[in-house]
>>> print(open('work_11.csv').read())   # CSV, C-alpha atoms
chain,number,residue,atom,x,y,z
A,1133,MET,CA,122.3,117.5,79.1
A,1134,ASP,CA,119.8,118.1,81.9
A,1135,LYS,CA,117.3,121.0,81.5
A,1136,VAL,CA,117.9,123.2,84.6
A,1137,PHE,CA,114.8,125.2,85.6
A,1138,GLU,CA,116.0,127.2,88.5
A,1139,GLN,CA,119.3,127.5,90.4
A,1140,THR,CA,120.1,129.3,93.7
A,1141,SER,CA,123.0,128.9,96.1
A,1142,LEU,CA,121.0,126.3,98.0
A,1143,VAL,CA,119.1,124.3,95.4
A,1144,THR,CA,118.9,123.5,91.7
A,1145,LEU,CA,115.6,122.4,90.1
A,1146,ARG,CA,115.9,120.3,87.0
A,1147,GLU,CA,113.8,117.9,84.9
A,1148,GLY,CA,113.5,114.3,86.2
A,1149,ARG,CA,115.1,111.4,84.4
A,1150,PRO,CA,114.9,107.6,84.8
A,1151,ASP,CA,118.1,107.3,86.8
A,1152,ASP,CA,116.5,109.6,89.5
A,1153,ALA,CA,114.3,106.7,90.6
A,1154,LEU,CA,116.8,105.3,93.1
A,1155,PRO,CA,117.4,108.6,95.1
A,1156,CYS,CA,113.9,110.0,94.6
A,1157,GLY,CA,112.3,106.7,95.5
A,1158,THR,CA,114.4,106.3,98.6
A,1159,ILE,CA,113.5,109.8,99.7
A,1160,PHE,CA,109.8,109.1,98.9
A,1161,TYR,CA,110.0,106.1,101.3
A,1162,GLN,CA,112.0,108.0,104.0
A,1163,ALA,CA,109.8,111.1,103.9
A,1164,PHE,CA,106.5,109.4,104.3
A,1165,ARG,CA,107.9,107.0,106.9
A,1166,ALA,CA,109.2,109.9,109.0
A,1167,VAL,CA,105.9,111.8,109.1
A,1168,GLU,CA,103.7,108.7,109.6
A,1169,GLN,CA,105.8,107.3,112.4
A,1170,TYR,CA,105.8,110.7,114.0
A,1171,HIS,CA,102.0,110.5,114.1
A,1172,GLY,CA,102.0,106.9,115.3
A,1173,LEU,CA,100.8,105.5,111.9
A,1174,THR,CA,101.8,102.4,110.0
A,1175,PRO,CA,104.0,103.5,107.0
A,1176,ASP,CA,102.2,103.4,103.7
A,1177,ILE,CA,105.4,102.6,101.7
A,1178,PRO,CA,106.7,99.3,103.1
A,1179,SER,CA,110.3,99.6,102.0
A,1180,ALA,CA,112.8,101.7,100.1
A,1181,GLU,CA,112.5,99.2,97.2
A,1182,SER,CA,108.8,99.8,97.0
A,1183,GLY,CA,109.4,103.6,96.9
A,1184,VAL,CA,111.9,103.2,94.1
A,1185,GLY,CA,109.4,101.0,92.2
A,1186,ARG,CA,106.7,103.7,92.4
A,1187,LEU,CA,109.0,106.5,91.4
A,1188,THR,CA,110.3,104.4,88.5
A,1189,GLU,CA,106.8,104.2,87.1
A,1190,LEU,CA,106.2,108.0,87.6
A,1191,LEU,CA,109.4,109.0,86.0
A,1192,ALA,CA,108.5,106.9,82.9
A,1193,HIS,CA,104.8,107.9,82.7
A,1194,PRO,CA,104.1,109.8,79.5
A,1195,ALA,CA,101.4,112.0,81.1
A,1196,VAL,CA,103.4,112.9,84.2
A,1197,TYR,CA,105.8,115.9,84.4
A,1198,SER,CA,108.6,115.6,86.9
A,1199,VAL,CA,110.9,118.0,88.6
A,1200,VAL,CA,113.9,117.1,90.9
A,1201,ALA,CA,115.6,119.2,93.5
A,1202,GLU,CA,119.4,119.0,94.0
A,1203,ALA,CA,121.5,120.4,96.8
A,1204,SER,CA,124.6,122.5,96.0
A,1205,ASP,CA,126.7,119.3,96.1
A,1206,GLY,CA,124.6,117.6,93.4
A,1207,CYS,CA,122.8,115.3,95.8
A,1208,VAL,CA,119.1,114.8,95.0
A,1209,ILE,CA,117.0,116.1,97.9
A,1210,GLY,CA,113.4,116.0,96.6
A,1211,SER,CA,110.9,115.7,93.7
A,1212,ASN,CA,107.5,116.6,92.6
A,1213,PHE,CA,105.1,115.6,89.8
A,1214,LEU,CA,102.3,117.1,87.8
A,1215,TRP,CA,99.7,114.8,86.2
A,1216,GLU,CA,98.8,116.4,82.9
A,1217,ALA,CA,96.4,113.9,81.2
A,1218,ASP,CA,93.4,116.2,81.3
A,1219,THR,CA,92.2,119.8,81.6
A,1220,ILE,CA,92.4,119.7,85.3
A,1221,VAL,CA,95.9,118.7,86.5
A,1222,GLY,CA,96.9,116.9,89.7
A,1223,VAL,CA,100.0,117.5,91.9
A,1224,GLY,CA,102.1,114.9,93.7
A,1225,PRO,CA,103.5,113.1,95.3
A,1226,ILE,CA,105.9,115.8,96.6
A,1227,THR,CA,108.6,114.6,98.9
A,1228,VAL,CA,111.7,116.2,100.4
A,1229,ASP,CA,114.6,114.5,102.2
A,1230,PRO,CA,113.8,114.7,105.9
A,1231,ALA,CA,117.3,115.9,106.6
A,1232,VAL,CA,116.5,119.2,104.7
A,1233,GLN,CA,112.9,119.7,105.7
A,1234,ASN,CA,111.8,123.3,106.4
A,1235,ALA,CA,114.5,124.7,104.1
A,1236,SER,CA,111.9,125.9,101.5
A,1237,VAL,CA,112.7,123.0,99.1
A,1238,GLY,CA,109.1,121.8,99.1
A,1239,ARG,CA,107.8,125.3,98.4
A,1240,SER,CA,110.2,125.7,95.5
A,1241,LEU,CA,109.1,122.3,94.1
A,1242,MET,CA,105.4,123.4,94.4
A,1243,GLU,CA,105.9,126.8,92.9
A,1244,HIS,CA,107.6,125.3,90.0
A,1245,VAL,CA,104.8,122.9,89.0
A,1246,LEU,CA,102.2,125.6,89.6
A,1247,GLN,CA,104.1,127.9,87.3
A,1248,ARG,CA,104.2,125.2,84.6
A,1249,ALA,CA,100.4,124.7,85.1
A,1250,LYS,CA,99.9,128.4,84.5
A,1251,GLU,CA,102.2,128.5,81.5
A,1252,LYS,CA,100.4,125.5,80.0
A,1253,GLN,CA,97.0,127.3,80.7
A,1254,TYR,CA,95.5,124.4,82.6
A,1255,ALA,CA,92.1,125.4,83.9
A,1256,GLY,CA,92.7,124.2,87.4
A,1257,VAL,CA,95.0,122.3,89.8
A,1258,ARG,CA,94.0,119.7,92.4
A,1259,LEU,CA,95.7,117.8,95.1
A,1260,VAL,CA,94.8,115.7,98.1
A,1261,GLN,CA,96.4,116.8,101.4
A,1262,ILE,CA,96.7,114.2,104.1
A,1263,ALA,CA,95.0,115.6,107.2
A,1264,TYR,CA,97.6,114.9,109.8
A,1265,ASN,CA,100.3,116.9,107.9
A,1266,ASN,CA,99.7,120.4,109.2
A,1267,CYS,CA,102.9,121.8,107.5
A,1268,SER,CA,101.7,120.8,104.0
A,1269,LEU,CA,98.2,122.2,104.7
A,1270,ALA,CA,99.8,125.6,105.6
A,1271,LEU,CA,102.1,125.5,102.6
A,1272,TYR,CA,99.3,124.7,100.1
A,1273,THR,CA,97.0,127.3,101.5
A,1274,LYS,CA,99.7,130.0,101.3
A,1275,LEU,CA,100.2,129.0,97.6
A,1276,GLY,CA,96.6,129.7,96.9
A,1277,PHE,CA,94.8,126.3,97.3
A,1278,ASP,CA,91.4,126.2,98.9
A,1279,VAL,CA,90.0,123.3,100.9
A,1280,ARG,CA,87.0,121.8,99.0
A,1281,GLU,CA,86.2,118.5,100.6
A,1282,PRO,CA,87.1,116.6,103.7
A,1283,LEU,CA,87.8,113.0,102.7
A,1284,ALA,CA,87.9,109.6,104.4
A,1285,ALA,CA,89.9,106.7,103.0
A,1286,PHE,CA,88.0,103.4,103.3
A,1287,GLN,CA,89.5,99.9,103.3
A,1288,GLY,CA,88.1,96.5,104.3
A,1289,GLN,CA,86.7,93.2,103.1
A,1290,LEU,CA,85.1,93.1,99.6
A,1291,LEU,CA,81.3,93.5,100.0
A,1292,GLY,CA,79.9,91.2,97.2
A,1293,LEU,CA,76.4,92.9,97.5
A,1294,THR,CA,73.8,93.5,94.8
A,1295,ILE,CA,72.3,97.0,94.4
A,1296,PRO,CA,68.8,96.7,93.1
A,1297,GLY,CA,68.4,98.0,89.5
A,1298,ARG,CA,72.1,98.4,88.9
A,1299,SER,CA,74.5,96.2,86.9
A,1300,VAL,CA,78.2,96.6,86.7
A,1301,ARG,CA,80.5,95.5,84.0
A,1302,PRO,CA,84.0,96.3,82.6
A,1303,ALA,CA,84.2,99.5,80.6
A,1304,THR,CA,85.1,99.5,77.0
A,1305,GLU,CA,86.2,102.2,74.5
A,1306,SER,CA,82.6,102.4,73.3
A,1307,ASP,CA,81.5,103.6,76.8
A,1308,MET,CA,84.0,106.5,76.9
A,1309,SER,CA,81.7,109.1,75.4
A,1310,ALA,CA,78.9,108.4,77.8
A,1311,CYS,CA,81.3,108.3,80.8
A,1312,ASN,CA,83.0,111.6,79.7
A,1313,GLN,CA,79.6,113.3,79.4
A,1314,LEU,CA,78.6,112.1,82.8
A,1315,CYS,CA,81.9,113.4,84.4
A,1316,TYR,CA,81.4,116.7,82.6
A,1317,HIS,CA,77.8,117.0,83.9
A,1318,ILE,CA,79.0,116.4,87.5
A,1319,HIS,CA,82.3,118.3,87.6
A,1320,GLY,CA,82.2,120.7,84.7
A,1321,HIS,CA,85.1,118.9,83.0
A,1322,ASP,CA,85.9,115.4,82.0
A,1323,ARG,CA,88.9,113.2,82.9
A,1324,ALA,CA,89.1,111.5,79.4
A,1325,GLY,CA,92.9,110.9,79.6
A,1326,GLU,CA,92.7,109.1,82.9
A,1327,LEU,CA,89.6,107.1,81.8
A,1328,LYS,CA,91.2,106.1,78.5
A,1329,ALA,CA,94.3,104.8,80.4
A,1330,ALA,CA,92.1,102.8,82.8
A,1331,VAL,CA,90.1,101.2,80.0
A,1332,GLY,CA,93.4,100.3,78.4
A,1333,ARG,CA,94.7,98.5,81.5
A,1334,GLY,CA,91.4,96.9,82.2
A,1335,THR,CA,90.6,98.4,85.6
A,1336,ALA,CA,87.6,100.7,84.5
A,1337,THR,CA,84.0,99.7,85.2
A,1338,VAL,CA,80.6,101.1,84.4
A,1339,VAL,CA,77.3,100.8,86.2
A,1340,GLU,CA,74.1,100.8,84.2
A,1341,TYR,CA,70.6,101.8,85.3
A,1342,ASP,CA,67.5,101.8,83.2
A,1343,GLY,CA,69.5,100.9,80.1
A,1344,ARG,CA,72.1,103.7,80.3
A,1345,VAL,CA,75.5,104.3,81.8
A,1346,SER,CA,74.8,106.0,85.1
A,1347,GLY,CA,78.3,105.9,86.6
A,1348,TYR,CA,81.8,104.7,86.1
A,1349,ALA,CA,85.1,104.1,88.0
A,1350,THR,CA,88.6,104.0,86.8
A,1351,GLU,CA,89.2,101.7,89.8
A,1352,ILE,CA,88.0,101.7,93.4
A,1353,GLY,CA,91.1,102.8,95.3
A,1354,PHE,CA,93.6,105.5,96.1
A,1355,LEU,CA,94.6,106.1,92.4
A,1356,GLY,CA,91.1,105.7,91.0
A,1357,HIS,CA,88.1,108.1,90.7
A,1358,ALA,CA,84.4,107.5,90.2
A,1359,VAL,CA,81.3,109.4,89.3
A,1360,GLY,CA,77.6,108.5,89.4
A,1361,GLU,CA,74.2,110.1,89.0
A,1362,ASN,CA,73.5,109.3,92.7
A,1363,ASN,CA,74.8,107.2,95.6
A,1364,GLU,CA,73.2,104.0,94.4
A,1365,ASP,CA,75.5,104.1,91.4
A,1366,LEU,CA,78.6,104.5,93.6
A,1367,LYS,CA,77.4,101.7,95.9
A,1368,ALA,CA,77.1,99.4,92.9
A,1369,LEU,CA,80.6,100.3,91.8
A,1370,ILE,CA,82.1,99.8,95.3
A,1371,THR,CA,80.3,96.5,95.9
A,1372,ALA,CA,81.5,95.1,92.5
A,1373,ALA,CA,85.1,96.1,93.0
A,1374,PRO,CA,87.6,93.2,92.8
A,1375,ALA,CA,89.9,95.1,95.3
A,1376,PHE,CA,90.1,98.4,97.2
A,1377,THR,CA,93.6,99.3,96.0
A,1378,GLY,CA,96.2,101.2,98.1
A,1379,LYS,CA,94.9,102.5,101.3
A,1380,GLY,CA,91.4,102.2,99.9
A,1381,PHE,CA,89.0,104.6,98.2
A,1382,LEU,CA,88.5,108.2,99.1
A,1383,LEU,CA,85.0,109.4,100.0
A,1384,PRO,CA,83.8,112.9,100.6
A,1385,MET,CA,82.6,113.1,104.2
A,1386,ARG,CA,79.9,115.6,103.2
A,1387,ASN,CA,78.2,112.7,101.5
A,1388,ALA,CA,76.8,111.6,104.8
A,1389,ASP,CA,74.5,108.9,103.3
A,1390,LEU,CA,77.3,107.1,101.5
A,1391,PHE,CA,79.7,107.7,104.4
A,1392,ARG,CA,77.3,106.0,106.9
A,1393,TRP,CA,76.5,103.2,104.4
A,1394,CYS,CA,80.3,102.3,104.1
A,1395,LEU,CA,80.6,102.2,107.9
A,1396,LYS,CA,77.5,100.0,108.2
A,1397,GLN,CA,79.1,97.5,105.7
A,1398,GLY,CA,82.0,97.1,108.0
A,1399,LEU,CA,84.5,99.1,106.1
A,1400,ARG,CA,87.1,100.9,108.2
A,1401,ILE,CA,88.6,104.4,107.9
A,1402,THR,CA,92.4,104.2,107.3
A,1403,GLU,CA,93.0,108.0,107.2
A,1404,THR,CA,91.5,111.3,106.5
A,1405,ALA,CA,92.5,113.9,104.0
A,1406,ARG,CA,91.4,117.1,102.2
A,1407,LEU,CA,90.7,117.7,98.5
A,1408,MET,CA,92.2,121.1,97.7
A,1409,SER,CA,92.0,123.1,94.5
A,1410,LEU,CA,93.5,126.2,92.8
A,1411,GLY,CA,91.8,127.7,89.7
A,1412,LEU,CA,88.6,126.3,88.2
A,1413,TYR,CA,86.4,124.4,90.6
A,1414,ASN,CA,82.7,123.6,90.2
A,1415,GLU,CA,80.6,122.3,93.0
A,1416,PRO,CA,79.9,118.7,92.0
A,1417,ALA,CA,76.4,118.1,90.6
A,1418,GLY,CA,76.3,114.4,91.5
A,1419,ALA,CA,78.0,111.7,93.5
A,1420,PHE,CA,81.8,111.1,93.2
A,1421,LEU,CA,84.9,109.5,94.6
A,1422,PRO,CA,88.1,111.5,94.0
A,1423,SER,CA,91.5,109.9,93.5
A,1424,ILE,CA,94.7,110.7,95.5
A,1425,LEU,CA,95.7,112.6,92.3
A,1426,TYR,CA,92.6,114.9,92.4
>>> encode(input="work_11.csv", output="structure tokens")
Amino acid sequence: MDKVFEQTSLVTLREGRPDDALPCGTIFYQAFRAVEQYHGLTPDIPSAESGVGRLTELLAHPAVYSVVAEASDGCVIGSNFLWEADTIVGVGPITVDPAVQNASVGRSLMEHVLQRAKEKQYAGVRLVQIAYNNCSLALYTKLGFDVREPLAAFQGQLLGLTIPGRSVRPATESDMSACNQLCYHIHGHDRAGELKAAVGRGTATVVEYDGRVSGYATEIGFLGHAVGENNEDLKALITAAPAFTGKGFLLPMRNADLFRWCLKQGLRITETARLMSLGLYNEPAGAFLPSILY
């Protein structure tokens, strides 16, 4: 029997289940296509089948909490997710059927995951808000999120450069302690769960300088994050990447040196966004690339 979280005359919120992948994935595709086409952009999700595939993975992910919204007639009209692998949790993707936009469904889905984060006593919540979506910016701000970093997503040809004094190699489990310490030094918390998963699937890399780990990346792309003692470490991780996954990697625009360097290498900006937070947030003490998750 489904666990029902909240029920009103207009909407029911319940836990997600594997057979929600088809309706939720279709809405995921339709919602992003509608807003991107409105702004004259190429849709990020190429097809409904692609959307269903992504939501199938999310609904089965052991570290991701899911909530689904149903209309009064039982039809699925939206979903939201909370990434719970670490002390700081990430929200999204949140999508609502375009046919019922502006009916408070999105707000209900957001309020639900934020209440869960509060009950589970997570230290902080992060999300990345796409800059062209003014409605979501207004909603998240009303819910208590603060804008922390303007971001640019970079994509382009692989660079194949060498950064003097830096060497990059695949990360192993024996690197995790040093990587977690580095992340804690820079952010005030680690992302051990996400790092462990990346090491397990073989996408994580480390950069070494002067005989020590000076940076790492779970992958260079939308779903990956990276930290480094300075920009040279991030440059080394970027140049060694086998691919820039998704729409590319997210770069804080306040890091003007690295921002200009990426442009000089011929990388192009695919879109802009904002890193937003609620709860614990420490001003980073080093160089970093956030993920679309947080």
>>> residues_around(input="work_11.csv", residues="segment 1251-1265 of chain A", least_positions_apart="5", cutoff="10 Å", atoms="all atoms listed in the file", output="VMD selection string")
chain A and resid 1167 to 1168 1171 1214 to 1216 1218 to 1225 1245 to 1246 1270 1272 1277 to 1284 1321 1382 1403 to 1413 1422 to 1426
>>> closest_residue(input="work_11.csv", among="A:Ile1352, A:Val1359, A:Ala1330, A:Ala1336", to="His1317 of chain A", atoms="all atoms listed in the file")
A:Val1359
>>> closest_residue(input="work_11.csv", among="A:Gly1183, A:Gly1378, A:Gly1332, A:Gly1347", to="Phe1160 of chain A", atoms="only C-alpha atoms")
A:Gly1183
>>> residues_around(input="work_11.csv", residues="Ala1368 of chain A", least_positions_apart="2", cutoff="7 Å", atoms="only C-alpha atoms", output="JSON, numbers by chain")
{"A": [1295, 1298, 1300, 1339, 1364, 1365, 1366, 1370, 1371, 1372]}
>>> write_last_selection(input="work_11.csv", atoms="C-alpha atoms", output="short mmCIF file (atom, residue, chain, number, x, y, z; two decimals), in the coordinates of the input")
data_model
loop_
_atom_site.label_atom_id
_atom_site.label_comp_id
_atom_site.auth_asym_id
_atom_site.auth_seq_id
_atom_site.Cartn_x
_atom_site.Cartn_y
_atom_site.Cartn_z
CA ILE A 1295 72.30 97.00 94.40
CA ARG A 1298 72.10 98.40 88.90
CA VAL A 1300 78.20 96.60 86.70
CA VAL A 1339 77.30 100.80 86.20
CA GLU A 1364 73.20 104.00 94.40
CA ASP A 1365 75.50 104.10 91.40
CA LEU A 1366 78.60 104.50 93.60
CA ILE A 1370 82.10 99.80 95.30
CA THR A 1371 80.30 96.50 95.90
CA ALA A 1372 81.50 95.10 92.50
#
>>> closest_atom_pairs(input="work_11.csv", of="segment 1320-1408 of chain A", to="segment 1307-1316 of chain A", cutoff="12 Å", atoms="only C-alpha atoms", output="tab-separated table")
residue	atom	partner	partner_atom	distance
A:Gly1320	CA	A:Tyr1316	CA	4.6
A:His1321	CA	A:Tyr1316	CA	4.3
A:Asp1322	CA	A:Tyr1316	CA	4.7
A:Arg1323	CA	A:Asn1312	CA	6.9
A:Ala1324	CA	A:Asn1312	CA	6.1
A:Gly1325	CA	A:Asn1312	CA	9.9
A:Glu1326	CA	A:Asn1312	CA	10.5
A:Leu1327	CA	A:Met1308	CA	7.5
A:Lys1328	CA	A:Met1308	CA	7.4
A:Ala1329	CA	A:Met1308	CA	11.0
A:Ala1330	CA	A:Met1308	CA	10.7
A:Val1331	CA	A:Met1308	CA	8.7
A:Gly1332	CA	A:Met1308	CA	11.4
A:Ala1336	CA	A:Met1308	CA	10.2
A:Thr1337	CA	A:Asp1307	CA	9.6
A:Val1338	CA	A:Asp1307	CA	8.1
A:Val1339	CA	A:Cys1311	CA	10.1
A:Glu1340	CA	A:Asp1307	CA	10.8
A:Arg1344	CA	A:Ala1310	CA	8.6
A:Val1345	CA	A:Ala1310	CA	6.7
A:Ser1346	CA	A:Leu1314	CA	7.5
A:Gly1347	CA	A:Cys1311	CA	7.0
A:Tyr1348	CA	A:Cys1311	CA	6.4
A:Ala1349	CA	A:Cys1311	CA	9.2
A:Thr1350	CA	A:Cys1311	CA	10.4
A:His1357	CA	A:Cys1315	CA	10.3
A:Ala1358	CA	A:Cys1315	CA	8.6
A:Val1359	CA	A:Cys1315	CA	6.4
A:Gly1360	CA	A:Leu1314	CA	7.6
A:Glu1361	CA	A:Leu1314	CA	7.9
A:Asn1362	CA	A:Leu1314	CA	11.5
>>> build_atoms(input="work_11.csv", residues="segment 1280-1301 of chain A", atoms="N, CA, C and O atoms", output="mmCIF file, keeping the file's coordinate frame")
data_model
loop_
_atom_site.group_PDB
_atom_site.id
_atom_site.type_symbol
_atom_site.label_atom_id
_atom_site.label_comp_id
_atom_site.auth_asym_id
_atom_site.auth_seq_id
_atom_site.Cartn_x
_atom_site.Cartn_y
_atom_site.Cartn_z
ATOM 1 N N ARG A 1280 88.326 122.052 99.604
ATOM 2 C CA ARG A 1280 87.000 121.800 99.000
ATOM 3 C C ARG A 1280 86.207 120.724 99.653
ATOM 4 O O ARG A 1280 84.988 120.843 99.787
ATOM 5 N N GLU A 1281 86.876 119.636 100.004
ATOM 6 C CA GLU A 1281 86.200 118.500 100.600
ATOM 7 C C GLU A 1281 87.005 117.801 101.625
ATOM 8 O O GLU A 1281 88.170 117.478 101.376
ATOM 9 N N PRO A 1282 86.441 117.549 102.816
ATOM 10 C CA PRO A 1282 87.100 116.600 103.700
ATOM 11 C C PRO A 1282 86.855 115.202 103.266
ATOM 12 O O PRO A 1282 85.741 114.861 102.847
ATOM 13 N N LEU A 1283 87.892 114.377 103.295
ATOM 14 C CA LEU A 1283 87.800 113.000 102.700
ATOM 15 C C LEU A 1283 88.139 111.979 103.787
ATOM 16 O O LEU A 1283 88.910 112.230 104.713
ATOM 17 N N ALA A 1284 87.586 110.792 103.600
ATOM 18 C CA ALA A 1284 87.900 109.600 104.400
ATOM 19 C C ALA A 1284 88.339 108.514 103.464
ATOM 20 O O ALA A 1284 87.672 108.278 102.449
ATOM 21 N N ALA A 1285 89.440 107.832 103.772
ATOM 22 C CA ALA A 1285 89.900 106.700 103.000
ATOM 23 C C ALA A 1285 89.306 105.420 103.618
ATOM 24 O O ALA A 1285 89.472 105.198 104.820
ATOM 25 N N PHE A 1286 88.625 104.597 102.811
ATOM 26 C CA PHE A 1286 88.000 103.400 103.300
ATOM 27 C C PHE A 1286 88.700 102.140 102.763
ATOM 28 O O PHE A 1286 89.051 102.064 101.584
ATOM 29 N N GLN A 1287 88.876 101.156 103.640
ATOM 30 C CA GLN A 1287 89.500 99.900 103.300
ATOM 31 C C GLN A 1287 88.690 98.793 104.018
ATOM 32 O O GLN A 1287 87.987 99.066 104.993
ATOM 33 N N GLY A 1288 88.819 97.551 103.578
ATOM 34 C CA GLY A 1288 88.100 96.500 104.300
ATOM 35 C C GLY A 1288 87.870 95.280 103.362
ATOM 36 O O GLY A 1288 88.382 95.200 102.239
ATOM 37 N N GLN A 1289 87.049 94.354 103.850
ATOM 38 C CA GLN A 1289 86.700 93.200 103.100
ATOM 39 C C GLN A 1289 85.783 93.551 101.919
ATOM 40 O O GLN A 1289 84.945 94.465 102.031
ATOM 41 N N LEU A 1290 85.939 92.860 100.797
ATOM 42 C CA LEU A 1290 85.100 93.100 99.600
ATOM 43 C C LEU A 1290 83.628 92.772 100.032
ATOM 44 O O LEU A 1290 83.367 91.843 100.806
ATOM 45 N N LEU A 1291 82.680 93.534 99.490
ATOM 46 C CA LEU A 1291 81.300 93.500 100.000
ATOM 47 C C LEU A 1291 80.465 92.389 99.269
ATOM 48 O O LEU A 1291 79.661 91.712 99.907
ATOM 49 N N GLY A 1292 80.606 92.273 97.954
ATOM 50 C CA GLY A 1292 79.900 91.200 97.200
ATOM 51 C C GLY A 1292 78.354 91.388 97.323
ATOM 52 O O GLY A 1292 77.620 90.395 97.308
ATOM 53 N N LEU A 1293 77.865 92.619 97.403
ATOM 54 C CA LEU A 1293 76.400 92.900 97.500
ATOM 55 C C LEU A 1293 75.857 93.132 96.083
ATOM 56 O O LEU A 1293 76.582 93.336 95.119
ATOM 57 N N THR A 1294 74.537 93.144 96.011
ATOM 58 C CA THR A 1294 73.800 93.500 94.800
ATOM 59 C C THR A 1294 72.989 94.751 95.084
ATOM 60 O O THR A 1294 72.222 94.757 96.056
ATOM 61 N N ILE A 1295 73.140 95.785 94.285
ATOM 62 C CA ILE A 1295 72.300 97.000 94.400
ATOM 63 C C ILE A 1295 71.173 96.923 93.469
ATOM 64 O O ILE A 1295 71.390 96.824 92.250
ATOM 65 N N PRO A 1296 69.942 96.934 93.957
ATOM 66 C CA PRO A 1296 68.800 96.700 93.100
ATOM 67 C C PRO A 1296 68.755 97.731 91.908
ATOM 68 O O PRO A 1296 68.994 98.922 92.069
ATOM 69 N N GLY A 1297 68.493 97.187 90.727
ATOM 70 C CA GLY A 1297 68.400 98.000 89.500
ATOM 71 C C GLY A 1297 69.676 98.377 88.865
ATOM 72 O O GLY A 1297 69.671 98.984 87.790
ATOM 73 N N ARG A 1298 70.813 98.031 89.501
ATOM 74 C CA ARG A 1298 72.100 98.400 88.900
ATOM 75 C C ARG A 1298 72.882 97.135 88.513
ATOM 76 O O ARG A 1298 72.852 96.110 89.197
ATOM 77 N N SER A 1299 73.565 97.257 87.390
ATOM 78 C CA SER A 1299 74.500 96.200 86.900
ATOM 79 C C SER A 1299 75.800 96.827 86.587
ATOM 80 O O SER A 1299 75.861 97.926 86.026
ATOM 81 N N VAL A 1300 76.875 96.134 86.946
ATOM 82 C CA VAL A 1300 78.200 96.600 86.700
ATOM 83 C C VAL A 1300 78.982 95.698 85.820
ATOM 84 O O VAL A 1300 78.875 94.473 85.954
ATOM 85 N N ARG A 1301 79.733 96.270 84.896
ATOM 86 C CA ARG A 1301 80.500 95.500 84.000
ATOM 87 C C ARG A 1301 81.798 96.227 83.615
ATOM 88 O O ARG A 1301 81.928 97.432 83.899
#
